[in-house]
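Just below is one structure, and these are the notes that go with it.
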Amino acid sequence: MKHRPLALLGALLLSTGLVACSSSGDGQNAGGPTVLDVWLMRDSVSDAFQKEFETGFEKAHPEIDVRIQIQEWEGIGEKVTAALASNDAPDVIEVGNTQVAQYAQSGGLTDFSGKVADLGGDFWLDGLAEPGAWDGKQYGIPYYAANRVVIYRTDLFRKAGIDATTIRTRDQWLAATEKLNRDGVQGIYLPGQNWFALAGFVWDEGGDLALQEGGGWKGGLDSPEAMRAMEFYKRLQALGKGPKDSDESRPLQAEVVAKGQIAQVIATPGGANVIAQNNPELKGKLGFFPIPGKTADKPGAVFTGGSDLIVPAVAEHQDEAYAFIKELTGDAWQTKLALAMSYVPNKTTLATAVASDPGAAAMAAGAANGHATPNTPQWAAVEAKNPIKDYMTAVLTGRDVRAEAAKASRSITTTLNSGS
């Protein structure tokens, strides 16, 4: 992926020092426009897009001089936390969509609840908008999204007589994968601990990873819905040789797919580029389709990774910051950003903007059924321990699904309520 939103959850952030944000000391060039300091993340935008946006924005807002600083994902949590507590915070900050709650909890963010309609909030992707809210208020403004799709070998599908465009339901997907899984071909490469994929199946069944209950949280993996999702995952995972005790990064699944006769893998579209880089013979032989749903009327649920934009409550230039956010998250620049970076735009109404990019188009279709992890600052602690991964491996290696689901749910419940 061009950015790292799917790796933000559970990342162990390293401490970094806070650098001064203001370029001019008082945020104002002498006798000139107001200096607006902005933090965007590495690979959030290309150099070309950044230059084009800054030029266009400053032409439309000559009273504002935008100063964008590119930040690294590693250590950004502590850096943002320090900035929010300082008197020298940037005016606008890009953060991972699931990080908003932990920053909002401290009371250090500007509330945009009264601006939602003006920003087109009725059409925001739920997977960006929901984690951008906290305690009934909207602090994070959806910026862009990315999610997983199915990357498939067009040559292997053709040889098996399978038309990928006809795969609309999970049952059809299983049947096609079973047909592909023969004669030295793996039907799918699915590591046993791809909990993002499992989460999508849980949401499809009507369950959740955790639910609020009686003023606290309760792990949801032991619900009938979540256990049905795990049973489906087990059937799908068995149609290939993915390891049962590791995730997508151990080994890197794109490298595995590049080396073998593997018909499918669940990944972000950018994974296709990595596969082709590792095996140039596969260039032009990789296609995409949204993860299928339980029924044909909508694609499968997916975890929506991506970013929101926030404004520190202590930021000096609130009006200018809002003008910046309104432009960057508006339809015109969202369309340009999606095409430039192969992202999913922040609104469902803009899905057609990436129709010319097969991978991004499949991603956008799935994003319409996007979800986020439980909206609590404690979720990062759950991922640090990640009992979901241990649960998946236990079930895939033959242990009882009910007992293991109850065990994992108890762990999630304890962790989520430890900060209450």
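For the structure tokens, the naming scheme is as follows: chains receive sequential letters (A, B, ...) according to their order of presentation, residues are indexed from 1 within each chain, and ligands are indexed from 1 in presentation order.
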message = Need to verify the contact set: Ala89 of chain A, 7 Å, only C-alpha atoms, exclusion of same-chain residues closer than 6 positions in sequence. Can you return it as a PyMOL selection string?
response = chain A and resi 21+83+312+314-315
key: DSSP strand (DSSP E) selection over segment 131-355 of chain A, as a PyMOL selection string   = chain A and resi 133-134+137-138+141-146+149-153+210-213+216-219+264-267+286-289+302-303+305-310
Could you save the residues just selected, with N, CA, C and O atoms, as a short mmCIF file (atom, residue, chain, number, x, y, z; two decimals), in the first residue's frame?
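After the write, again18.cif holds the following:
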data_model
loop_
_atom_site.label_atom_id
_atom_site.label_comp_id
_atom_site.auth_asym_id
_atom_site.auth_seq_id
_atom_site.Cartn_x
_atom_site.Cartn_y
_atom_site.Cartn_z
N ALA A 133 -15.34 9.99 14.72
CA ALA A 133 -16.24 10.57 15.73
C ALA A 133 -15.89 10.01 17.10
O ALA A 133 -15.39 8.88 17.23
N TRP A 134 -16.16 10.81 18.11
CA TRP A 134 -15.92 10.36 19.48
C TRP A 134 -16.91 11.05 20.41
O TRP A 134 -17.09 12.27 20.33
N LYS A 137 -19.40 13.42 18.81
CA LYS A 137 -18.92 14.59 18.09
C LYS A 137 -17.95 14.17 16.98
O LYS A 137 -17.24 13.18 17.12
N GLN A 138 -17.91 14.95 15.90
CA GLN A 138 -17.07 14.63 14.75
C GLN A 138 -15.78 15.44 14.82
O GLN A 138 -15.77 16.65 14.64
N ILE A 141 -12.07 14.40 9.89
CA ILE A 141 -12.74 14.58 8.60
C ILE A 141 -12.15 13.58 7.61
O ILE A 141 -10.94 13.57 7.37
N PRO A 142 -12.98 12.69 7.03
CA PRO A 142 -12.48 11.67 6.11
C PRO A 142 -11.63 12.24 4.99
O PRO A 142 -12.03 13.20 4.32
N TYR A 143 -10.47 11.64 4.79
CA TYR A 143 -9.50 12.13 3.82
C TYR A 143 -9.40 11.18 2.63
O TYR A 143 -9.67 11.54 1.49
N TYR A 144 -9.00 9.94 2.85
CA TYR A 144 -8.98 8.94 1.78
C TYR A 144 -9.00 7.56 2.41
O TYR A 144 -8.75 7.42 3.62
N ALA A 145 -9.30 6.54 1.61
CA ALA A 145 -9.41 5.19 2.14
C ALA A 145 -8.69 4.19 1.26
O ALA A 145 -8.37 4.46 0.10
N ALA A 146 -8.44 3.03 1.85
CA ALA A 146 -7.93 1.88 1.11
C ALA A 146 -8.43 0.63 1.83
O ALA A 146 -8.60 0.64 3.05
N VAL A 149 -8.95 -6.30 -1.41
CA VAL A 149 -9.72 -6.89 -2.50
C VAL A 149 -9.15 -8.27 -2.77
O VAL A 149 -8.19 -8.69 -2.11
N VAL A 150 -9.73 -8.98 -3.71
CA VAL A 150 -9.15 -10.25 -4.16
C VAL A 150 -8.30 -9.97 -5.40
O VAL A 150 -8.80 -9.42 -6.38
N ILE A 151 -7.03 -10.29 -5.34
CA ILE A 151 -6.15 -10.23 -6.50
C ILE A 151 -6.07 -11.64 -7.07
O ILE A 151 -5.79 -12.60 -6.33
N TYR A 152 -6.33 -11.79 -8.36
CA TYR A 152 -6.37 -13.14 -8.91
C TYR A 152 -5.54 -13.26 -10.19
O TYR A 152 -5.31 -12.28 -10.90
N ARG A 153 -5.12 -14.47 -10.47
CA ARG A 153 -4.37 -14.79 -11.68
C ARG A 153 -5.36 -15.01 -12.82
O ARG A 153 -6.09 -16.01 -12.85
N ALA A 210 -16.12 -6.50 18.99
CA ALA A 210 -16.44 -6.13 20.37
C ALA A 210 -17.65 -5.21 20.33
O ALA A 210 -17.88 -4.50 19.35
N LEU A 211 -18.41 -5.22 21.41
CA LEU A 211 -19.62 -4.40 21.50
C LEU A 211 -19.66 -3.67 22.83
O LEU A 211 -19.17 -4.19 23.85
N GLN A 212 -20.24 -2.47 22.83
CA GLN A 212 -20.43 -1.74 24.07
C GLN A 212 -21.59 -2.36 24.84
O GLN A 212 -22.64 -2.66 24.27
N GLU A 213 -21.40 -2.53 26.12
CA GLU A 213 -22.41 -3.18 26.94
C GLU A 213 -22.34 -2.65 28.37
O GLU A 213 -21.30 -2.77 29.02
N GLY A 216 -19.49 -0.46 29.38
CA GLY A 216 -18.16 -1.01 29.11
C GLY A 216 -18.15 -1.70 27.75
O GLY A 216 -19.00 -1.46 26.90
N TRP A 217 -17.16 -2.55 27.56
CA TRP A 217 -17.01 -3.28 26.29
C TRP A 217 -16.99 -4.77 26.55
O TRP A 217 -16.53 -5.23 27.61
N LYS A 218 -17.47 -5.52 25.56
CA LYS A 218 -17.46 -6.98 25.65
C LYS A 218 -16.96 -7.56 24.33
O LYS A 218 -17.45 -7.19 23.26
N GLY A 219 -15.98 -8.43 24.38
CA GLY A 219 -15.49 -9.10 23.18
C GLY A 219 -16.62 -9.86 22.49
O GLY A 219 -17.47 -10.46 23.14
N GLN A 264 -5.29 -16.93 -6.09
CA GLN A 264 -5.87 -15.74 -5.47
C GLN A 264 -5.13 -15.38 -4.19
O GLN A 264 -4.53 -16.24 -3.54
N VAL A 265 -5.25 -14.13 -3.81
CA VAL A 265 -4.78 -13.67 -2.52
C VAL A 265 -5.62 -12.46 -2.13
O VAL A 265 -6.12 -11.73 -2.99
N ILE A 266 -5.83 -12.27 -0.84
CA ILE A 266 -6.57 -11.11 -0.33
C ILE A 266 -5.55 -10.05 0.07
O ILE A 266 -4.71 -10.29 0.94
N ALA A 267 -5.61 -8.89 -0.58
CA ALA A 267 -4.62 -7.84 -0.32
C ALA A 267 -5.14 -6.52 -0.85
O ALA A 267 -6.16 -6.49 -1.54
N LEU A 286 -2.74 -10.27 -13.72
CA LEU A 286 -3.37 -10.11 -12.41
C LEU A 286 -4.62 -9.24 -12.52
O LEU A 286 -4.57 -8.15 -13.11
N GLY A 287 -5.71 -9.72 -11.99
CA GLY A 287 -6.96 -8.97 -12.00
C GLY A 287 -7.47 -8.76 -10.58
O GLY A 287 -6.84 -9.21 -9.60
N PHE A 288 -8.59 -8.08 -10.45
CA PHE A 288 -9.12 -7.71 -9.14
C PHE A 288 -10.64 -7.89 -9.11
O PHE A 288 -11.31 -7.63 -10.11
N PHE A 289 -11.16 -8.28 -7.96
CA PHE A 289 -12.61 -8.16 -7.72
C PHE A 289 -12.83 -7.95 -6.23
O PHE A 289 -12.00 -8.35 -5.40
N VAL A 302 -15.50 -5.02 4.53
CA VAL A 302 -14.05 -4.90 4.60
C VAL A 302 -13.64 -3.92 5.68
O VAL A 302 -14.41 -3.02 6.04
N PHE A 303 -12.46 -4.13 6.20
CA PHE A 303 -11.87 -3.14 7.09
C PHE A 303 -11.39 -1.96 6.25
O PHE A 303 -10.63 -2.14 5.30
N GLY A 305 -9.09 0.97 5.90
CA GLY A 305 -7.92 1.69 6.37
C GLY A 305 -7.89 3.04 5.67
O GLY A 305 -8.55 3.25 4.66
N GLY A 306 -7.13 3.95 6.18
CA GLY A 306 -7.05 5.25 5.55
C GLY A 306 -6.76 6.34 6.56
O GLY A 306 -6.27 6.06 7.65
N SER A 307 -7.05 7.55 6.20
CA SER A 307 -6.70 8.69 7.04
C SER A 307 -7.84 9.68 7.18
O SER A 307 -8.70 9.80 6.29
N ASP A 308 -7.84 10.38 8.31
CA ASP A 308 -8.70 11.52 8.56
C ASP A 308 -7.81 12.74 8.78
O ASP A 308 -6.61 12.61 9.05
N LEU A 309 -8.41 13.90 8.66
CA LEU A 309 -7.72 15.15 8.96
C LEU A 309 -8.28 15.72 10.26
O LEU A 309 -9.50 15.75 10.45
N ILE A 310 -7.39 16.16 11.14
CA ILE A 310 -7.82 16.76 12.40
C ILE A 310 -7.18 18.13 12.54
O ILE A 310 -6.19 18.45 11.89
#
Could you build a table of the residues in segment 258-360 of chain A lying no more than 12 Å from segment 220-230 of chain A, giving for each the nearest pair of atoms and their separation in Å rounded to one decimal place, using only C-alpha atoms, ordered by chain and ascending residue number, as a tab-separated table?
residue	atom	partner	partner_atom	distance
A:Gly293	CA	A:Ala229	CA	11.7
A:Lys294	CA	A:Ala229	CA	10.5
A:Gly300	CA	A:Ala229	CA	11.9
A:Ala301	CA	A:Ala229	CA	11.7
Would you output that residue set with N, CA and C atoms, as a JSON list (two decimals), in the first residue's frame?
[["chain", "number", "residue", "atom", "x", "y", "z"],
["A", 293, "GLY", "N", -19.71, -10.95, -0.95],
["A", 293, "GLY", "CA", -20.53, -10.91, 0.24],
["A", 293, "GLY", "C", -21.37, -12.17, 0.41],
["A", 294, "LYS", "N", -22.17, -12.21, 1.46],
["A", 294, "LYS", "CA", -23.03, -13.37, 1.68],
["A", 294, "LYS", "C", -24.08, -13.48, 0.59],
["A", 300, "GLY", "N", -18.67, -8.00, -0.01],
["A", 300, "GLY", "CA", -18.38, -8.34, 1.37],
["A", 300, "GLY", "C", -17.88, -7.15, 2.16],
["A", 301, "ALA", "N", -18.10, -7.21, 3.47],
["A", 301, "ALA", "CA", -17.63, -6.15, 4.35],
["A", 301, "ALA", "C", -16.10, -6.19, 4.41]]
Taking the backbone alone, and naming residues the way the document does, which bits of segment 255-415 of chain A are alpha helix (DSSP H) by DSSP, as a short mmCIF file (atom, residue, chain, number, x, y, z; two decimals) with N, CA and C atoms, in the first residue's frame?
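Written output follows (selection18.cif):
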data_model
loop_
_atom_site.label_atom_id
_atom_site.label_comp_id
_atom_site.auth_asym_id
_atom_site.auth_seq_id
_atom_site.Cartn_x
_atom_site.Cartn_y
_atom_site.Cartn_z
N GLU A 255 5.31 -11.92 -2.07
CA GLU A 255 6.48 -12.66 -2.54
C GLU A 255 6.15 -14.14 -2.71
N VAL A 256 5.34 -14.67 -1.82
CA VAL A 256 4.93 -16.07 -1.93
C VAL A 256 4.11 -16.28 -3.20
N VAL A 257 3.16 -15.39 -3.44
CA VAL A 257 2.30 -15.50 -4.62
C VAL A 257 3.14 -15.40 -5.89
N ALA A 258 4.14 -14.54 -5.88
CA ALA A 258 4.99 -14.36 -7.06
C ALA A 258 5.74 -15.64 -7.43
N LYS A 259 6.06 -16.45 -6.44
CA LYS A 259 6.89 -17.63 -6.68
C LYS A 259 6.08 -18.87 -7.04
N GLY A 270 -2.33 -2.56 -4.39
CA GLY A 270 -0.91 -2.32 -4.56
C GLY A 270 -0.09 -3.60 -4.46
N GLY A 271 -0.66 -4.64 -3.84
CA GLY A 271 0.03 -5.91 -3.76
C GLY A 271 0.31 -6.51 -5.12
N ALA A 272 -0.53 -6.19 -6.10
CA ALA A 272 -0.32 -6.70 -7.46
C ALA A 272 0.99 -6.17 -8.03
N ASN A 273 1.32 -4.93 -7.73
CA ASN A 273 2.57 -4.36 -8.22
C ASN A 273 3.77 -5.09 -7.61
N VAL A 274 3.67 -5.42 -6.33
CA VAL A 274 4.76 -6.13 -5.66
C VAL A 274 4.91 -7.53 -6.24
N ILE A 275 3.79 -8.19 -6.51
CA ILE A 275 3.83 -9.53 -7.10
C ILE A 275 4.54 -9.48 -8.46
N ALA A 276 4.14 -8.52 -9.29
CA ALA A 276 4.74 -8.40 -10.63
C ALA A 276 6.20 -8.00 -10.57
N GLN A 277 6.58 -7.20 -9.58
CA GLN A 277 7.98 -6.83 -9.43
C GLN A 277 8.83 -8.04 -9.09
N ASN A 278 8.28 -8.94 -8.29
CA ASN A 278 9.00 -10.15 -7.91
C ASN A 278 8.96 -11.23 -8.98
N GLN A 318 -7.74 28.56 12.94
CA GLN A 318 -8.87 27.65 12.81
C GLN A 318 -9.64 27.84 11.50
N ASP A 319 -9.92 29.06 11.12
CA ASP A 319 -10.68 29.32 9.89
C ASP A 319 -9.89 28.89 8.66
N GLU A 320 -8.61 29.19 8.66
CA GLU A 320 -7.77 28.81 7.53
C GLU A 320 -7.63 27.28 7.44
N ALA A 321 -7.54 26.65 8.61
CA ALA A 321 -7.45 25.19 8.64
C ALA A 321 -8.71 24.57 8.06
N TYR A 322 -9.86 25.14 8.40
CA TYR A 322 -11.11 24.61 7.85
C TYR A 322 -11.17 24.80 6.34
N ALA A 323 -10.71 25.93 5.86
CA ALA A 323 -10.69 26.18 4.42
C ALA A 323 -9.82 25.15 3.71
N PHE A 324 -8.68 24.83 4.31
CA PHE A 324 -7.78 23.83 3.75
C PHE A 324 -8.46 22.47 3.69
N ILE A 325 -9.07 22.06 4.79
CA ILE A 325 -9.73 20.76 4.85
C ILE A 325 -10.89 20.69 3.88
N LYS A 326 -11.66 21.74 3.78
CA LYS A 326 -12.81 21.73 2.87
C LYS A 326 -12.36 21.56 1.42
N GLU A 327 -11.25 22.18 1.06
CA GLU A 327 -10.74 22.05 -0.31
C GLU A 327 -10.21 20.63 -0.56
N LEU A 328 -9.35 20.15 0.35
CA LEU A 328 -8.68 18.88 0.13
C LEU A 328 -9.65 17.70 0.17
N ASP A 331 -14.97 17.42 -3.55
CA ASP A 331 -15.08 16.49 -4.68
C ASP A 331 -13.97 16.66 -5.72
N ALA A 332 -13.63 17.88 -6.05
CA ALA A 332 -12.67 18.12 -7.13
C ALA A 332 -11.30 17.56 -6.77
N TRP A 333 -10.79 17.90 -5.59
CA TRP A 333 -9.46 17.43 -5.22
C TRP A 333 -9.48 15.97 -4.80
N GLN A 334 -10.58 15.48 -4.28
CA GLN A 334 -10.68 14.05 -3.96
C GLN A 334 -10.57 13.20 -5.23
N THR A 335 -11.21 13.67 -6.28
CA THR A 335 -11.14 12.95 -7.56
C THR A 335 -9.71 12.92 -8.08
N LYS A 336 -9.03 14.07 -8.04
CA LYS A 336 -7.64 14.12 -8.49
C LYS A 336 -6.73 13.26 -7.63
N LEU A 337 -6.95 13.28 -6.32
CA LEU A 337 -6.13 12.48 -5.41
C LEU A 337 -6.31 10.99 -5.67
N ALA A 338 -7.55 10.57 -5.85
CA ALA A 338 -7.83 9.15 -6.08
C ALA A 338 -7.16 8.66 -7.35
N LEU A 339 -7.20 9.46 -8.39
CA LEU A 339 -6.58 9.07 -9.66
C LEU A 339 -5.06 9.08 -9.57
N ALA A 340 -4.53 10.04 -8.82
CA ALA A 340 -3.08 10.16 -8.70
C ALA A 340 -2.48 9.06 -7.84
N MET A 341 -3.20 8.65 -6.80
CA MET A 341 -2.63 7.75 -5.80
C MET A 341 -3.31 6.38 -5.75
N PRO A 358 -8.55 -0.54 -12.53
CA PRO A 358 -9.24 -1.76 -12.09
C PRO A 358 -9.09 -2.08 -10.61
N GLY A 359 -7.87 -1.94 -10.09
CA GLY A 359 -7.66 -2.24 -8.68
C GLY A 359 -8.38 -1.27 -7.78
N ALA A 360 -8.26 0.01 -8.09
CA ALA A 360 -8.93 1.02 -7.27
C ALA A 360 -10.44 0.92 -7.40
N ALA A 361 -10.94 0.55 -8.58
CA ALA A 361 -12.38 0.41 -8.78
C ALA A 361 -12.93 -0.74 -7.92
N ALA A 362 -12.21 -1.86 -7.87
CA ALA A 362 -12.64 -2.97 -7.02
C ALA A 362 -12.59 -2.56 -5.55
N MET A 363 -11.58 -1.78 -5.20
CA MET A 363 -11.44 -1.31 -3.83
C MET A 363 -12.58 -0.37 -3.46
N ALA A 364 -12.94 0.53 -4.37
CA ALA A 364 -14.02 1.47 -4.11
C ALA A 364 -15.35 0.76 -3.96
N ALA A 365 -15.56 -0.30 -4.76
CA ALA A 365 -16.81 -1.05 -4.64
C ALA A 365 -16.90 -1.69 -3.26
N GLY A 366 -15.80 -2.25 -2.78
CA GLY A 366 -15.80 -2.84 -1.45
C GLY A 366 -15.93 -1.81 -0.34
N ALA A 367 -15.36 -0.63 -0.57
CA ALA A 367 -15.38 0.42 0.46
C ALA A 367 -16.79 0.85 0.82
N TRP A 379 -8.45 0.03 21.77
CA TRP A 379 -8.34 -1.02 20.77
C TRP A 379 -6.89 -1.28 20.38
N ALA A 380 -6.07 -0.25 20.38
CA ALA A 380 -4.65 -0.44 20.06
C ALA A 380 -4.00 -1.44 21.01
N ALA A 381 -4.43 -1.44 22.27
CA ALA A 381 -3.88 -2.39 23.25
C ALA A 381 -4.32 -3.82 22.92
N VAL A 382 -5.54 -3.97 22.39
CA VAL A 382 -5.99 -5.30 21.96
C VAL A 382 -5.08 -5.82 20.86
N GLU A 383 -4.78 -4.96 19.91
CA GLU A 383 -3.94 -5.40 18.79
C GLU A 383 -2.50 -5.68 19.21
N ALA A 384 -2.05 -4.99 20.24
CA ALA A 384 -0.69 -5.23 20.71
C ALA A 384 -0.55 -6.67 21.21
N LYS A 385 -1.58 -7.18 21.87
CA LYS A 385 -1.60 -8.57 22.33
C LYS A 385 -2.13 -9.49 21.23
N PRO A 387 -5.20 -11.29 20.62
CA PRO A 387 -5.74 -12.63 20.86
C PRO A 387 -6.54 -13.16 19.67
N ILE A 388 -6.91 -12.28 18.74
CA ILE A 388 -7.64 -12.73 17.55
C ILE A 388 -6.76 -13.66 16.73
N LYS A 389 -5.50 -13.31 16.57
CA LYS A 389 -4.58 -14.16 15.81
C LYS A 389 -4.41 -15.52 16.47
N ASP A 390 -4.23 -15.52 17.78
CA ASP A 390 -4.06 -16.79 18.50
C ASP A 390 -5.32 -17.64 18.37
N TYR A 391 -6.46 -17.00 18.45
CA TYR A 391 -7.75 -17.70 18.30
C TYR A 391 -7.86 -18.36 16.93
N MET A 392 -7.49 -17.62 15.88
CA MET A 392 -7.59 -18.16 14.54
C MET A 392 -6.70 -19.38 14.35
N THR A 393 -5.46 -19.27 14.82
CA THR A 393 -4.53 -20.40 14.69
C THR A 393 -5.06 -21.62 15.46
N ALA A 394 -5.59 -21.37 16.65
CA ALA A 394 -6.11 -22.49 17.46
C ALA A 394 -7.22 -23.22 16.73
N VAL A 395 -8.14 -22.50 16.15
CA VAL A 395 -9.26 -23.13 15.45
C VAL A 395 -8.78 -23.84 14.19
N LEU A 396 -7.89 -23.22 13.46
CA LEU A 396 -7.39 -23.81 12.21
C LEU A 396 -6.56 -25.07 12.45
N VAL A 401 -13.95 -24.40 18.39
CA VAL A 401 -14.20 -23.00 18.07
C VAL A 401 -14.89 -22.28 19.22
N ARG A 402 -15.84 -22.94 19.89
CA ARG A 402 -16.55 -22.27 20.98
C ARG A 402 -15.63 -21.93 22.15
N ALA A 403 -14.84 -22.89 22.55
CA ALA A 403 -13.94 -22.67 23.68
C ALA A 403 -12.91 -21.60 23.37
N GLU A 404 -12.35 -21.66 22.17
CA GLU A 404 -11.32 -20.69 21.80
C GLU A 404 -11.90 -19.29 21.58
N ALA A 405 -13.12 -19.24 21.03
CA ALA A 405 -13.77 -17.94 20.84
C ALA A 405 -14.07 -17.28 22.18
N ALA A 406 -14.52 -18.08 23.14
CA ALA A 406 -14.81 -17.55 24.48
C ALA A 406 -13.53 -17.04 25.14
N LYS A 407 -12.45 -17.79 24.97
CA LYS A 407 -11.16 -17.39 25.55
C LYS A 407 -10.69 -16.07 24.94
N ALA A 408 -10.75 -15.94 23.62
CA ALA A 408 -10.32 -14.70 22.96
C ALA A 408 -11.21 -13.53 23.34
N SER A 409 -12.50 -13.78 23.44
CA SER A 409 -13.43 -12.70 23.80
C SER A 409 -13.17 -12.19 25.21
N ARG A 410 -12.86 -13.11 26.13
CA ARG A 410 -12.54 -12.68 27.50
C ARG A 410 -11.30 -11.79 27.51
N SER A 411 -10.31 -12.14 26.70
CA SER A 411 -9.10 -11.33 26.62
C SER A 411 -9.41 -9.93 26.08
N ILE A 412 -10.21 -9.87 25.04
CA ILE A 412 -10.59 -8.58 24.47
C ILE A 412 -11.37 -7.75 25.48
N THR A 413 -12.30 -8.39 26.19
CA THR A 413 -13.10 -7.68 27.19
C THR A 413 -12.22 -7.08 28.28
N THR A 414 -11.29 -7.86 28.77
CA THR A 414 -10.39 -7.39 29.84
C THR A 414 -9.56 -6.19 29.36
N THR A 415 -9.01 -6.31 28.17
CA THR A 415 -8.14 -5.24 27.66
C THR A 415 -8.92 -3.97 27.40
#
ask   = Pick from A:Gly398, A:Asn375, A:Ala160, A:Thr352: nearest to Ala101 of chain A, with only C-alpha atoms counted?
value =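 Checking each candidate against Ala101 of chain A, we get A:Asn375 as the closest.
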